[in-house]
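Below is model.cif, holding mmCIF, C-alpha atoms.
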```cif
data_upload
loop_
_atom_site.group_PDB
_atom_site.id
_atom_site.type_symbol
_atom_site.label_atom_id
_atom_site.label_comp_id
_atom_site.auth_asym_id
_atom_site.auth_seq_id
_atom_site.Cartn_x
_atom_site.Cartn_y
_atom_site.Cartn_z
ATOM 1 C CA MET A 1 0.000 0.000 0.000
ATOM 2 C CA ARG A 2 1.170 3.485 -0.823
ATOM 3 C CA GLU A 3 2.484 5.529 2.075
ATOM 4 C CA ARG A 4 2.725 9.322 2.067
ATOM 5 C CA ILE A 5 5.904 10.518 3.792
ATOM 6 C CA TYR A 6 5.862 13.869 5.549
ATOM 7 C CA TYR A 7 9.104 15.761 6.063
ATOM 8 C CA ASP A 8 9.625 17.644 9.300
ATOM 9 C CA ALA A 9 12.023 20.446 8.400
ATOM 10 C CA SER A 10 12.546 21.317 12.078
ATOM 11 C CA ALA A 11 14.896 18.306 12.220
ATOM 12 C CA GLU A 12 17.452 20.557 10.513
ATOM 13 C CA ASN A 13 17.377 23.020 13.417
ATOM 14 C CA ASP A 14 19.510 20.845 15.688
ATOM 15 C CA GLY A 15 22.534 23.117 15.398
ATOM 16 C CA ALA A 16 24.607 20.465 13.578
ATOM 17 C CA GLU A 17 26.841 21.567 10.685
ATOM 18 C CA ARG A 18 25.714 20.068 7.398
ATOM 19 C CA SER A 19 27.390 19.808 4.013
ATOM 20 C CA MET A 20 27.050 17.788 0.806
ATOM 21 C CA VAL A 21 28.535 14.331 1.434
ATOM 22 C CA GLU A 22 29.092 11.650 -1.239
ATOM 23 C CA ILE A 23 27.267 8.638 0.196
ATOM 24 C CA THR A 24 27.765 6.356 -2.822
ATOM 25 C CA PRO A 25 29.738 7.286 -5.986
ATOM 26 C CA GLY A 26 28.020 10.306 -7.548
ATOM 27 C CA HIS A 27 25.190 10.388 -4.963
ATOM 28 C CA PHE A 28 25.466 13.433 -2.685
ATOM 29 C CA VAL A 29 23.288 14.182 0.328
ATOM 30 C CA PHE A 30 23.185 17.249 2.590
ATOM 31 C CA ALA A 31 24.086 15.644 5.879
ATOM 32 C CA SER A 32 25.657 16.181 9.286
ATOM 33 C CA GLU A 33 28.416 13.913 10.653
ATOM 34 C CA ASP A 34 25.841 12.000 12.714
ATOM 35 C CA GLU A 35 23.556 11.390 9.734
ATOM 36 C CA ILE A 36 26.145 10.037 7.293
ATOM 37 C CA GLN A 37 26.168 6.454 8.591
ATOM 38 C CA GLY A 38 22.358 6.295 8.449
ATOM 39 C CA TYR A 39 22.381 7.308 4.779
ATOM 40 C CA LYS A 40 25.162 4.784 4.035
ATOM 41 C CA ASP A 41 23.117 2.042 5.705
ATOM 42 C CA GLN A 42 20.072 3.006 3.668
ATOM 43 C CA ALA A 43 22.090 2.973 0.427
ATOM 44 C CA ALA A 44 23.386 -0.491 1.379
ATOM 45 C CA LYS A 45 19.797 -1.677 1.909
ATOM 46 C CA TYR A 46 18.823 -0.424 -1.549
ATOM 47 C CA ALA A 47 21.807 -2.266 -3.069
ATOM 48 C CA GLU A 48 20.921 -5.448 -1.175
ATOM 49 C CA ALA A 49 17.287 -5.289 -2.297
ATOM 50 C CA GLU A 50 18.379 -4.885 -5.928
ATOM 51 C CA GLN A 51 20.608 -7.961 -5.737
ATOM 52 C CA LYS A 52 17.752 -10.170 -4.488
ATOM 53 C CA MET B 1 30.504 8.530 -16.763
ATOM 54 C CA ALA B 2 29.398 12.092 -16.119
ATOM 55 C CA GLU B 3 32.463 12.730 -13.922
ATOM 56 C CA GLU B 4 34.819 12.346 -16.905
ATOM 57 C CA ARG B 5 32.928 14.906 -18.975
ATOM 58 C CA GLU B 6 33.743 18.570 -19.363
ATOM 59 C CA LYS B 7 32.171 20.929 -16.846
ATOM 60 C CA LEU B 8 30.356 23.759 -18.637
ATOM 61 C CA VAL B 9 28.882 25.436 -15.548
ATOM 62 C CA GLN B 10 30.400 25.343 -12.074
ATOM 63 C CA VAL B 11 28.502 26.933 -9.198
ATOM 64 C CA ARG B 12 30.560 27.368 -6.032
ATOM 65 C CA HIS B 13 29.152 28.453 -2.649
ATOM 66 C CA LEU B 14 26.459 30.591 -4.283
ATOM 67 C CA VAL B 15 24.570 32.833 -1.872
ATOM 68 C CA GLN B 16 21.685 35.083 -2.901
ATOM 69 C CA THR B 17 20.219 37.327 -0.230
ATOM 70 C CA PHE B 18 17.539 39.902 -0.972
ATOM 71 C CA ASN B 19 17.316 43.103 1.133
ATOM 72 C CA PRO B 20 20.392 42.168 3.205
ATOM 73 C CA GLY B 21 20.499 43.684 6.675
ATOM 74 C CA LYS B 22 16.854 44.809 6.534
ATOM 75 C CA LYS B 23 13.825 43.412 8.342
ATOM 76 C CA SER B 24 12.619 42.045 5.035
ATOM 77 C CA GLU B 25 15.880 40.108 4.413
ATOM 78 C CA VAL B 26 15.340 36.870 2.484
ATOM 79 C CA ARG B 27 18.107 34.287 2.193
ATOM 80 C CA ALA B 28 16.906 32.726 -1.043
ATOM 81 C CA ILE B 29 20.016 30.635 -1.761
ATOM 82 C CA GLN B 30 22.330 29.474 1.001
ATOM 83 C CA ASP B 31 25.738 28.148 -0.046
ATOM 84 C CA VAL B 32 24.767 26.124 -3.118
ATOM 85 C CA SER B 33 27.436 24.290 -5.143
ATOM 86 C CA PHE B 34 27.041 22.016 -8.177
ATOM 87 C CA ASP B 35 28.406 21.363 -11.662
ATOM 88 C CA ILE B 36 26.646 20.987 -14.994
ATOM 89 C CA TYR B 37 28.447 18.905 -17.603
ATOM 90 C CA ARG B 38 28.484 19.814 -21.275
ATOM 91 C CA GLY B 39 25.613 18.148 -23.125
ATOM 92 C CA GLU B 40 23.726 17.002 -20.031
ATOM 93 C CA THR B 41 20.408 18.037 -18.532
ATOM 94 C CA LEU B 42 20.481 18.804 -14.827
ATOM 95 C CA GLY B 43 17.014 18.839 -13.315
ATOM 96 C CA LEU B 44 16.465 21.205 -10.394
ATOM 97 C CA VAL B 45 13.408 20.307 -8.313
ATOM 98 C CA GLY B 46 11.808 21.449 -5.092
ATOM 99 C CA GLU B 47 8.627 23.014 -3.822
ATOM 100 C CA SER B 48 7.594 26.630 -4.444
ATOM 101 C CA GLY B 49 9.909 29.003 -2.594
ATOM 102 C CA SER B 50 12.785 26.525 -2.366
ATOM 103 C CA GLY B 51 15.088 28.752 -4.451
ATOM 104 C CA LYS B 52 15.034 26.945 -7.820
ATOM 105 C CA THR B 53 14.125 29.946 -9.932
ATOM 106 C CA THR B 54 16.440 32.248 -7.966
ATOM 107 C CA THR B 55 19.303 29.813 -8.604
ATOM 108 C CA GLY B 56 18.569 29.855 -12.351
ATOM 109 C CA ARG B 57 18.259 33.637 -12.453
ATOM 110 C CA ALA B 58 21.480 34.090 -10.483
ATOM 111 C CA ILE B 59 23.351 31.760 -12.874
ATOM 112 C CA ILE B 60 22.154 33.681 -15.940
ATOM 113 C CA ARG B 61 22.941 36.888 -14.062
ATOM 114 C CA LEU B 62 19.464 38.359 -13.921
ATOM 115 C CA TYR B 63 20.466 38.795 -10.262
ATOM 116 C CA LYS B 64 23.879 39.795 -8.968
ATOM 117 C CA PRO B 65 24.903 37.040 -6.551
ATOM 118 C CA THR B 66 25.534 38.124 -2.956
ATOM 119 C CA SER B 67 28.615 35.882 -2.862
ATOM 120 C CA GLY B 68 30.057 32.790 -4.496
ATOM 121 C CA GLU B 69 31.443 31.876 -7.887
ATOM 122 C CA ILE B 70 29.707 30.970 -11.135
ATOM 123 C CA LEU B 71 32.135 29.625 -13.706
ATOM 124 C CA PHE B 72 30.891 29.334 -17.282
ATOM 125 C CA ASP B 73 33.301 27.535 -19.583
ATOM 126 C CA GLY B 74 36.021 28.277 -16.999
ATOM 127 C CA ASN B 75 35.327 32.026 -16.694
ATOM 128 C CA ASP B 76 33.881 33.561 -13.538
ATOM 129 C CA ILE B 77 30.718 35.420 -14.526
ATOM 130 C CA ALA B 78 29.466 36.252 -10.999
ATOM 131 C CA GLY B 79 31.282 39.590 -10.990
ATOM 132 C CA LEU B 80 30.468 40.745 -14.542
ATOM 133 C CA HIS B 81 28.841 44.179 -14.807
ATOM 134 C CA ASN B 82 25.647 44.748 -16.769
ATOM 135 C CA GLY B 83 26.372 46.465 -20.047
ATOM 136 C CA SER B 84 29.999 45.330 -20.189
ATOM 137 C CA LYS B 85 31.384 43.728 -23.344
ATOM 138 C CA GLN B 86 32.052 40.463 -21.491
ATOM 139 C CA MET B 87 28.469 40.388 -20.222
ATOM 140 C CA LYS B 88 27.127 40.860 -23.755
ATOM 141 C CA GLU B 89 29.295 37.994 -25.014
ATOM 142 C CA PHE B 90 28.213 35.809 -22.122
ATOM 143 C CA ARG B 91 24.525 36.560 -22.727
ATOM 144 C CA ARG B 92 24.835 35.018 -26.178
ATOM 145 C CA GLU B 93 26.100 31.752 -24.704
ATOM 146 C CA MET B 94 23.354 31.345 -22.105
ATOM 147 C CA GLN B 95 19.619 31.801 -22.676
ATOM 148 C CA MET B 96 16.469 31.291 -20.664
ATOM 149 C CA ILE B 97 13.045 29.862 -21.397
ATOM 150 C CA PHE B 98 10.458 31.275 -19.019
ATOM 151 C CA GLN B 99 7.566 29.639 -17.235
ATOM 152 C CA ASP B 100 4.719 31.790 -18.486
ATOM 153 C CA PRO B 101 4.431 31.826 -22.279
ATOM 154 C CA TYR B 102 1.678 34.450 -21.978
ATOM 155 C CA ALA B 103 3.724 36.982 -20.005
ATOM 156 C CA SER B 104 7.172 36.405 -21.497
ATOM 157 C CA LEU B 105 6.386 37.562 -25.052
ATOM 158 C CA ASN B 106 5.875 41.248 -25.849
ATOM 159 C CA PRO B 107 2.261 41.489 -27.118
ATOM 160 C CA ARG B 108 3.083 44.532 -29.253
ATOM 161 C CA MET B 109 5.815 42.803 -31.265
ATOM 162 C CA LYS B 110 5.418 40.471 -34.218
ATOM 163 C CA VAL B 111 6.743 36.956 -33.696
ATOM 164 C CA LYS B 112 9.565 37.491 -36.176
ATOM 165 C CA ASP B 113 10.765 40.553 -34.242
ATOM 166 C CA ILE B 114 10.526 38.739 -30.898
ATOM 167 C CA ILE B 115 12.641 35.882 -32.218
ATOM 168 C CA ALA B 116 15.098 38.145 -34.040
ATOM 169 C CA GLU B 117 15.720 40.506 -31.107
ATOM 170 C CA GLY B 118 18.834 38.583 -30.079
ATOM 171 C CA ILE B 119 19.947 38.263 -33.694
ATOM 172 C CA ASP B 120 19.771 42.064 -34.011
ATOM 173 C CA ILE B 121 21.548 42.765 -30.701
ATOM 174 C CA HIS B 122 24.433 40.454 -31.557
ATOM 175 C CA HIS B 123 24.520 41.411 -35.279
ATOM 176 C CA LEU B 124 24.097 37.791 -36.377
ATOM 177 C CA ALA B 125 22.266 38.537 -39.665
ATOM 178 C CA LYS B 126 23.956 39.890 -42.809
ATOM 179 C CA ASP B 127 20.803 41.669 -44.024
ATOM 180 C CA ASP B 128 17.007 41.620 -43.692
ATOM 181 C CA ALA B 129 16.659 38.612 -45.998
ATOM 182 C CA ASP B 130 19.142 36.635 -43.866
ATOM 183 C CA ARG B 131 17.278 37.722 -40.708
ATOM 184 C CA ASP B 132 13.947 36.520 -42.135
ATOM 185 C CA ALA B 133 15.536 33.250 -43.273
ATOM 186 C CA GLN B 134 16.966 32.618 -39.792
ATOM 187 C CA VAL B 135 13.570 33.317 -38.209
ATOM 188 C CA ALA B 136 11.864 30.964 -40.697
ATOM 189 C CA ASN B 137 14.379 28.211 -39.907
ATOM 190 C CA LEU B 138 13.859 28.654 -36.169
ATOM 191 C CA LEU B 139 10.079 28.543 -36.516
ATOM 192 C CA GLN B 140 10.392 25.341 -38.521
ATOM 193 C CA LEU B 141 12.799 23.889 -35.952
ATOM 194 C CA VAL B 142 10.256 24.368 -33.146
ATOM 195 C CA GLY B 143 7.390 22.984 -35.245
ATOM 196 C CA LEU B 144 5.660 26.233 -36.217
ATOM 197 C CA ASN B 145 4.669 27.448 -39.667
ATOM 198 C CA PRO B 146 7.195 30.039 -40.971
ATOM 199 C CA ASP B 147 4.288 31.867 -42.604
ATOM 200 C CA HIS B 148 3.126 32.855 -39.099
ATOM 201 C CA ALA B 149 6.182 35.036 -38.514
ATOM 202 C CA THR B 150 4.167 38.226 -39.041
ATOM 203 C CA ARG B 151 1.517 37.315 -36.474
ATOM 204 C CA TYR B 152 1.308 38.604 -32.909
ATOM 205 C CA PRO B 153 1.620 36.437 -29.739
ATOM 206 C CA HIS B 154 -2.114 36.610 -28.898
ATOM 207 C CA GLU B 155 -2.854 34.723 -32.111
ATOM 208 C CA PHE B 156 -1.133 31.581 -30.742
ATOM 209 C CA SER B 157 -2.061 28.950 -28.147
ATOM 210 C CA GLY B 158 -0.039 28.452 -24.942
ATOM 211 C CA GLY B 159 1.973 25.570 -26.398
ATOM 212 C CA GLN B 160 2.698 27.532 -29.573
ATOM 213 C CA ARG B 161 3.794 30.549 -27.534
ATOM 214 C CA GLN B 162 6.197 28.399 -25.551
ATOM 215 C CA ARG B 163 7.609 27.175 -28.881
ATOM 216 C CA ILE B 164 8.134 30.827 -29.835
ATOM 217 C CA GLY B 165 9.966 31.305 -26.522
ATOM 218 C CA ILE B 166 12.169 28.321 -27.353
ATOM 219 C CA ALA B 167 12.880 29.716 -30.856
ATOM 220 C CA ARG B 168 13.840 33.062 -29.293
ATOM 221 C CA ALA B 169 16.263 31.322 -26.924
ATOM 222 C CA LEU B 170 17.836 29.368 -29.801
ATOM 223 C CA ALA B 171 18.203 32.396 -32.086
ATOM 224 C CA VAL B 172 21.615 33.413 -30.719
ATOM 225 C CA GLN B 173 22.949 29.825 -30.885
ATOM 226 C CA PRO B 174 23.609 29.439 -27.156
ATOM 227 C CA GLN B 175 25.511 26.575 -25.527
ATOM 228 C CA PHE B 176 23.447 26.534 -22.360
ATOM 229 C CA ILE B 177 19.721 27.001 -21.736
ATOM 230 C CA ILE B 178 17.970 27.471 -18.410
ATOM 231 C CA ALA B 179 14.394 26.252 -18.758
ATOM 232 C CA ASP B 180 12.440 27.619 -15.793
ATOM 233 C CA GLU B 181 9.323 25.471 -15.435
ATOM 234 C CA PRO B 182 8.773 25.643 -19.217
ATOM 235 C CA ILE B 183 5.791 23.295 -19.174
ATOM 236 C CA SER B 184 4.052 24.181 -15.903
ATOM 237 C CA ALA B 185 1.621 26.619 -17.534
ATOM 238 C CA LEU B 186 0.726 24.254 -20.384
ATOM 239 C CA ASP B 187 -2.061 21.691 -20.743
ATOM 240 C CA VAL B 188 -0.919 18.197 -19.782
ATOM 241 C CA SER B 189 -1.540 17.063 -23.371
ATOM 242 C CA ILE B 190 0.936 19.694 -24.628
ATOM 243 C CA GLN B 191 3.607 19.213 -21.934
ATOM 244 C CA ALA B 192 5.071 16.029 -23.420
ATOM 245 C CA GLN B 193 5.263 17.634 -26.884
ATOM 246 C CA VAL B 194 7.293 20.570 -25.555
ATOM 247 C CA VAL B 195 9.584 18.332 -23.477
ATOM 248 C CA ASN B 196 10.202 16.066 -26.483
ATOM 249 C CA LEU B 197 10.920 19.153 -28.606
ATOM 250 C CA LEU B 198 13.502 20.301 -26.051
ATOM 251 C CA LYS B 199 15.100 16.825 -26.047
ATOM 252 C CA ASN B 200 15.277 16.693 -29.859
ATOM 253 C CA ILE B 201 16.805 20.162 -30.102
ATOM 254 C CA GLN B 202 19.340 19.255 -27.413
ATOM 255 C CA GLU B 203 20.503 16.282 -29.501
ATOM 256 C CA GLN B 204 20.662 18.300 -32.716
ATOM 257 C CA ARG B 205 22.569 21.242 -31.217
ATOM 258 C CA ASN B 206 24.506 19.548 -28.379
ATOM 259 C CA LEU B 207 22.890 21.874 -25.856
ATOM 260 C CA THR B 208 23.262 21.803 -22.084
ATOM 261 C CA TYR B 209 20.118 22.355 -19.984
ATOM 262 C CA LEU B 210 19.282 23.365 -16.463
ATOM 263 C CA PHE B 211 15.669 22.187 -16.271
ATOM 264 C CA ILE B 212 13.804 23.727 -13.345
ATOM 265 C CA ALA B 213 10.517 22.114 -12.310
ATOM 266 C CA HIS B 214 8.483 20.929 -9.372
ATOM 267 C CA ASP B 215 7.111 17.846 -11.115
ATOM 268 C CA LEU B 216 9.594 15.074 -10.304
ATOM 269 C CA SER B 217 8.132 12.599 -12.791
ATOM 270 C CA MET B 218 8.630 14.976 -15.735
ATOM 271 C CA VAL B 219 12.095 15.949 -14.507
ATOM 272 C CA LYS B 220 13.088 12.291 -14.345
ATOM 273 C CA TYR B 221 12.066 11.861 -17.980
ATOM 274 C CA ILE B 222 14.246 14.691 -19.313
ATOM 275 C CA SER B 223 17.158 14.832 -16.840
ATOM 276 C CA ASP B 224 20.468 12.989 -16.664
ATOM 277 C CA ARG B 225 20.990 14.101 -13.075
ATOM 278 C CA ILE B 226 18.644 15.693 -10.535
ATOM 279 C CA ALA B 227 19.349 18.158 -7.733
ATOM 280 C CA VAL B 228 16.683 18.513 -5.036
ATOM 281 C CA MET B 229 16.370 21.943 -3.386
ATOM 282 C CA HIS B 230 14.818 22.762 -0.033
ATOM 283 C CA TYR B 231 14.911 26.070 1.861
ATOM 284 C CA GLY B 232 17.600 27.504 -0.431
ATOM 285 C CA ARG B 233 19.920 24.510 -0.218
ATOM 286 C CA ILE B 234 20.541 21.438 -2.348
ATOM 287 C CA VAL B 235 19.734 18.448 -0.137
ATOM 288 C CA GLU B 236 20.359 15.634 -2.650
ATOM 289 C CA LEU B 237 22.127 15.339 -6.002
ATOM 290 C CA SER B 238 22.612 12.245 -8.129
ATOM 291 C CA THR B 239 21.633 10.595 -11.384
ATOM 292 C CA ALA B 240 17.928 10.744 -12.230
ATOM 293 C CA ASP B 241 17.534 6.992 -11.644
ATOM 294 C CA GLU B 242 19.288 7.117 -8.274
ATOM 295 C CA VAL B 243 17.252 10.044 -6.968
ATOM 296 C CA TYR B 244 14.004 8.515 -8.221
ATOM 297 C CA ASN B 245 14.593 4.873 -7.247
ATOM 298 C CA HIS B 246 16.958 5.190 -4.267
ATOM 299 C CA PRO B 247 16.202 8.510 -2.538
ATOM 300 C CA LEU B 248 18.227 9.017 0.632
ATOM 301 C CA HIS B 249 17.278 12.414 2.038
ATOM 302 C CA PRO B 250 13.900 12.393 3.842
ATOM 303 C CA TYR B 251 12.797 15.505 1.922
ATOM 304 C CA THR B 252 13.376 13.758 -1.419
ATOM 305 C CA GLN B 253 11.457 10.740 -0.110
ATOM 306 C CA SER B 254 8.639 13.067 0.886
ATOM 307 C CA LEU B 255 8.542 14.694 -2.572
ATOM 308 C CA LEU B 256 8.500 11.299 -4.302
ATOM 309 C CA SER B 257 5.727 10.004 -2.066
ATOM 310 C CA ALA B 258 3.552 12.903 -3.210
ATOM 311 C CA ILE B 259 3.707 11.988 -6.929
ATOM 312 C CA PRO B 260 0.275 10.803 -8.062
ATOM 313 C CA ILE B 261 0.215 7.213 -9.302
ATOM 314 C CA PRO B 262 -1.877 6.748 -12.473
ATOM 315 C CA ASP B 263 -3.417 3.523 -11.208
ATOM 316 C CA PRO B 264 -7.002 3.603 -9.848
ATOM 317 C CA GLU B 265 -6.428 0.590 -7.573
ATOM 318 C CA LYS B 266 -3.356 2.081 -5.883
ATOM 319 C CA GLN B 267 -5.068 5.473 -5.737
ATOM 320 C CA LYS B 268 -7.996 3.860 -3.886
ATOM 321 C CA ASN B 269 -5.659 2.380 -1.288
ATOM 322 C CA ALA B 270 -3.607 5.557 -0.800
#
```

Conversion result in structure tokens:
Amino acid sequence: MRERIYYDASAENDGAERSMVEITPGHFVFASEDEIQGYKDQAAKYAEAEQK
Amino acid sequence: MAEEREKLVQVRHLVQTFNPGKKSEVRAIQDVSFDIYRGETLGLVGESGSGKTTTGRAIIRLYKPTSGEILFDGNDIAGLHNGSKQMKEFRREMQMIFQDPYASLNPRMKVKDIIAEGIDIHHLAKDDADRDAQVANLLQLVGLNPDHATRYPHEFSGGQRQRIGIARALAVQPQFIIADEPISALDVSIQAQVVNLLKNIQEQRNLTYLFIAHDLSMVKYISDRIAVMHYGRIVELSTADEVYNHPLHPYTQSLLSAIPIPDPEKQKNA
């Protein structure tokens, strides 16, 4: 079933420094140090799902 | 791979602030950096007010950037002054197609004069016959009848007017075109025709596009890479397939989840 995702922009007001980080080759995301690993894990999940 | 290709446009730490220091200060673009490779289409998406149009207008120098660098073919154009010789030369290389085909054409000018304005400014025609021939070729290129060159904009439909806007942009033989929501004001039935026209012309003339839109599904169709903007910043940038199929930033995921699915069964369950 389709799920609508709502984005809470206040999450960006945590005072953390953010910059564009290359998560996978050629795929950049605006992220803080703490968020990078989460994005890498998500990219790994996408890759895993594609292999199945 | 895109990374091995030549960079035509390089935007570095671009900041655009309106009314700086005043109560009404607006930070429209906050430290945006990206490259556009020669021959590619970079899609720029985001909701209204995210800074897409301001980014496009700053790159083409309709606005003077507050800070940052804009390199076009290796030359910094951020500091060029209006009216300077360098600015005039640069204006020939970069053109814009506007969102509203009704407001962007002068209603008092004939189509041939609208299209030939750039030709006249840059002295690209040998004589009147050459000017008319160039206009006729451009009208044909965008799928309009050359015999309509003496008509006025109000005599055309929205889709036809946007084709006139495209012909005007192509008249000075630019390398780079910024298309600012060029299909948003058109009927859905006409949108695909205009997008396909832009794609065909890009192949014929090896053009580079910055395609600004808020409709992610249309952007995916035309773009090689997509940059997602939110609150004046780029939050995600990758190939069109990656952004569409493997979105990482929660804002991109939110945008994608809002795209209508043309399937009644899924729509019912949404």

For this session: Find the spatial neighbours of Ala16 of chain A, counting only C-alpha atoms, within a cut-off of 12 Å - ignore same-chain residues fewer than 6 positions away - and output them as number ranges by chain.
Result: A: 30-35

For this session: Show me which bits of chain B are within 6 Å of chain A, counting only C-alpha atoms, as a list in words.
Result: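 My answer is Val235, Glu236, Leu237, Ser238, Tyr251, Ser254, Ser257 and Ala270 of chain B.
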
Exercise. Which residues, written as a PyMOL selection string, have at least one atom at most 7 Å from Ile212 of chain B, with only C-alpha atoms counted and residues fewer than 4 positions away on the same chain left out?
Worked result: chain B and resi 43-45+52+179-181

For this session: Using the chain letters and numbering of this document, enumerate as a count of residues only the residues selected by the PyMOL selection byres ((chain B and resi 219) around 10).
Result: 24

Exercise. Closest to Gln162 of chain B among B:Phe98, B:Ile121, B:Val135, B:Gly49, using all atoms listed in the file?
Worked result: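 Counting all atoms listed in the file, the residue closest to Gln162 of chain B is B:Phe98.
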
Go through the shown structure with the PyMOL selection byres ((chain B and resi 51) around 12) and write out the matching residues as a tab-separated table (two decimals) with C-alpha atoms, keeping the file's coordinate frame.
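Saved result, out.tsv, follows:
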```
chain	number	residue	atom	x	y	z
B	14	LEU	CA	26.46	30.59	-4.28
B	15	VAL	CA	24.57	32.83	-1.87
B	16	GLN	CA	21.68	35.08	-2.90
B	17	THR	CA	20.22	37.33	-0.23
B	18	PHE	CA	17.54	39.90	-0.97
B	26	VAL	CA	15.34	36.87	2.48
B	27	ARG	CA	18.11	34.29	2.19
B	28	ALA	CA	16.91	32.73	-1.04
B	29	ILE	CA	20.02	30.64	-1.76
B	30	GLN	CA	22.33	29.47	1.00
B	31	ASP	CA	25.74	28.15	-0.05
B	32	VAL	CA	24.77	26.12	-3.12
B	44	LEU	CA	16.46	21.20	-10.39
B	45	VAL	CA	13.41	20.31	-8.31
B	46	GLY	CA	11.81	21.45	-5.09
B	47	GLU	CA	8.63	23.01	-3.82
B	48	SER	CA	7.59	26.63	-4.44
B	49	GLY	CA	9.91	29.00	-2.59
B	50	SER	CA	12.78	26.52	-2.37
B	52	LYS	CA	15.03	26.94	-7.82
B	53	THR	CA	14.12	29.95	-9.93
B	54	THR	CA	16.44	32.25	-7.97
B	55	THR	CA	19.30	29.81	-8.60
B	56	GLY	CA	18.57	29.86	-12.35
B	57	ARG	CA	18.26	33.64	-12.45
B	58	ALA	CA	21.48	34.09	-10.48
B	180	ASP	CA	12.44	27.62	-15.79
B	212	ILE	CA	13.80	23.73	-13.34
B	213	ALA	CA	10.52	22.11	-12.31
B	214	HIS	CA	8.48	20.93	-9.37
B	227	ALA	CA	19.35	18.16	-7.73
B	228	VAL	CA	16.68	18.51	-5.04
B	229	MET	CA	16.37	21.94	-3.39
B	230	HIS	CA	14.82	22.76	-0.03
B	231	TYR	CA	14.91	26.07	1.86
B	232	GLY	CA	17.60	27.50	-0.43
B	233	ARG	CA	19.92	24.51	-0.22
B	234	ILE	CA	20.54	21.44	-2.35
```

Run the PyMOL selection byres ((chain B and resi 38) around 9) on the file and write out the hits as a short mmCIF file (atom, residue, chain, number, x, y, z; two decimals) with C-alpha atoms, keeping the file's coordinate frame.
```
data_model
loop_
_atom_site.label_atom_id
_atom_site.label_comp_id
_atom_site.auth_asym_id
_atom_site.auth_seq_id
_atom_site.Cartn_x
_atom_site.Cartn_y
_atom_site.Cartn_z
CA ARG B 5 32.93 14.91 -18.98
CA GLU B 6 33.74 18.57 -19.36
CA LYS B 7 32.17 20.93 -16.85
CA LEU B 8 30.36 23.76 -18.64
CA VAL B 9 28.88 25.44 -15.55
CA ILE B 36 26.65 20.99 -14.99
CA TYR B 37 28.45 18.90 -17.60
CA GLY B 39 25.61 18.15 -23.12
CA GLU B 40 23.73 17.00 -20.03
CA THR B 41 20.41 18.04 -18.53
CA GLN B 175 25.51 26.58 -25.53
CA PHE B 176 23.45 26.53 -22.36
CA ASN B 206 24.51 19.55 -28.38
CA LEU B 207 22.89 21.87 -25.86
CA THR B 208 23.26 21.80 -22.08
CA TYR B 209 20.12 22.36 -19.98
#
```

Exercise. Restricting the calculation to only C-alpha atoms, which member of B:Phe72, B:Asn245, B:Gln173, B:Ala103 is positioned closest to Gln134 of chain B?
Worked result: B:Gln173

Problem set entry | Gap from atom CA of Tyr63 of chain B to atom CA of Gln160 of chain B - Å, one decimal |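 So the answer is 28.6 Å.
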
Exercise. Rounded to one decimal in Å, what is the spacing between atom CA of Arg91 of chain B and atom CA of Asn200 of chain B?
Worked result: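 Separation between atom CA of Arg91 of chain B and atom CA of Asn200 of chain B: 23.0 Å.
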
Exercise. Of the candidates B:Pro107, B:Pro174, B:Pro146, B:Gly21, which shows the shortest atom-to-atom distance to Gln202 of chain B, using all atoms listed in the file?
Worked result: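 Comparing B:Pro107, B:Pro174, B:Pro146, B:Gly21 against Gln202 of chain B, the winner is B:Pro174.
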
For this session: Determine, counting only C-alpha atoms, which protein, DNA and RNA residues have an atom within 12 Å of an atom of Ala125 of chain B; residues of the same chain fewer than 4 positions away are not included. Present the result as a list in words.
Result: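 Near Ala125 of chain B, the qualifying residues are Ala116, Glu117, Gly118, Ile119, Asp120, Ile121, Ala129, Asp130, Arg131, Asp132, Ala133, Gln134, Val135, Ala171 and Val172 of chain B.
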
Keeping only C-alpha atoms, write the selected residues to a file as a JSON list (two decimals), in the frame of the given file.
```json
[["chain", "number", "residue", "atom", "x", "y", "z"],
["B", 116, "ALA", "CA", 15.10, 38.15, -34.04],
["B", 117, "GLU", "CA", 15.72, 40.51, -31.11],
["B", 118, "GLY", "CA", 18.83, 38.58, -30.08],
["B", 119, "ILE", "CA", 19.95, 38.26, -33.69],
["B", 120, "ASP", "CA", 19.77, 42.06, -34.01],
["B", 121, "ILE", "CA", 21.55, 42.76, -30.70],
["B", 129, "ALA", "CA", 16.66, 38.61, -46.00],
["B", 130, "ASP", "CA", 19.14, 36.64, -43.87],
["B", 131, "ARG", "CA", 17.28, 37.72, -40.71],
["B", 132, "ASP", "CA", 13.95, 36.52, -42.14],
["B", 133, "ALA", "CA", 15.54, 33.25, -43.27],
["B", 134, "GLN", "CA", 16.97, 32.62, -39.79],
["B", 135, "VAL", "CA", 13.57, 33.32, -38.21],
["B", 171, "ALA", "CA", 18.20, 32.40, -32.09],
["B", 172, "VAL", "CA", 21.62, 33.41, -30.72]]
```

Point (10.7, 36.6, -27.2), cut-off 8 Å, counting only C-alpha atoms, residues as a JSON list (two decimals) with C-alpha atoms, in the coordinates of the input:
```
[["chain", "number", "residue", "atom", "x", "y", "z"],
["B", 104, "SER", "CA", 7.17, 36.40, -21.50],
["B", 105, "LEU", "CA", 6.39, 37.56, -25.05],
["B", 106, "ASN", "CA", 5.88, 41.25, -25.85],
["B", 111, "VAL", "CA", 6.74, 36.96, -33.70],
["B", 114, "ILE", "CA", 10.53, 38.74, -30.90],
["B", 115, "ILE", "CA", 12.64, 35.88, -32.22],
["B", 117, "GLU", "CA", 15.72, 40.51, -31.11],
["B", 164, "ILE", "CA", 8.13, 30.83, -29.84],
["B", 165, "GLY", "CA", 9.97, 31.30, -26.52],
["B", 168, "ARG", "CA", 13.84, 33.06, -29.29],
["B", 169, "ALA", "CA", 16.26, 31.32, -26.92]]
```
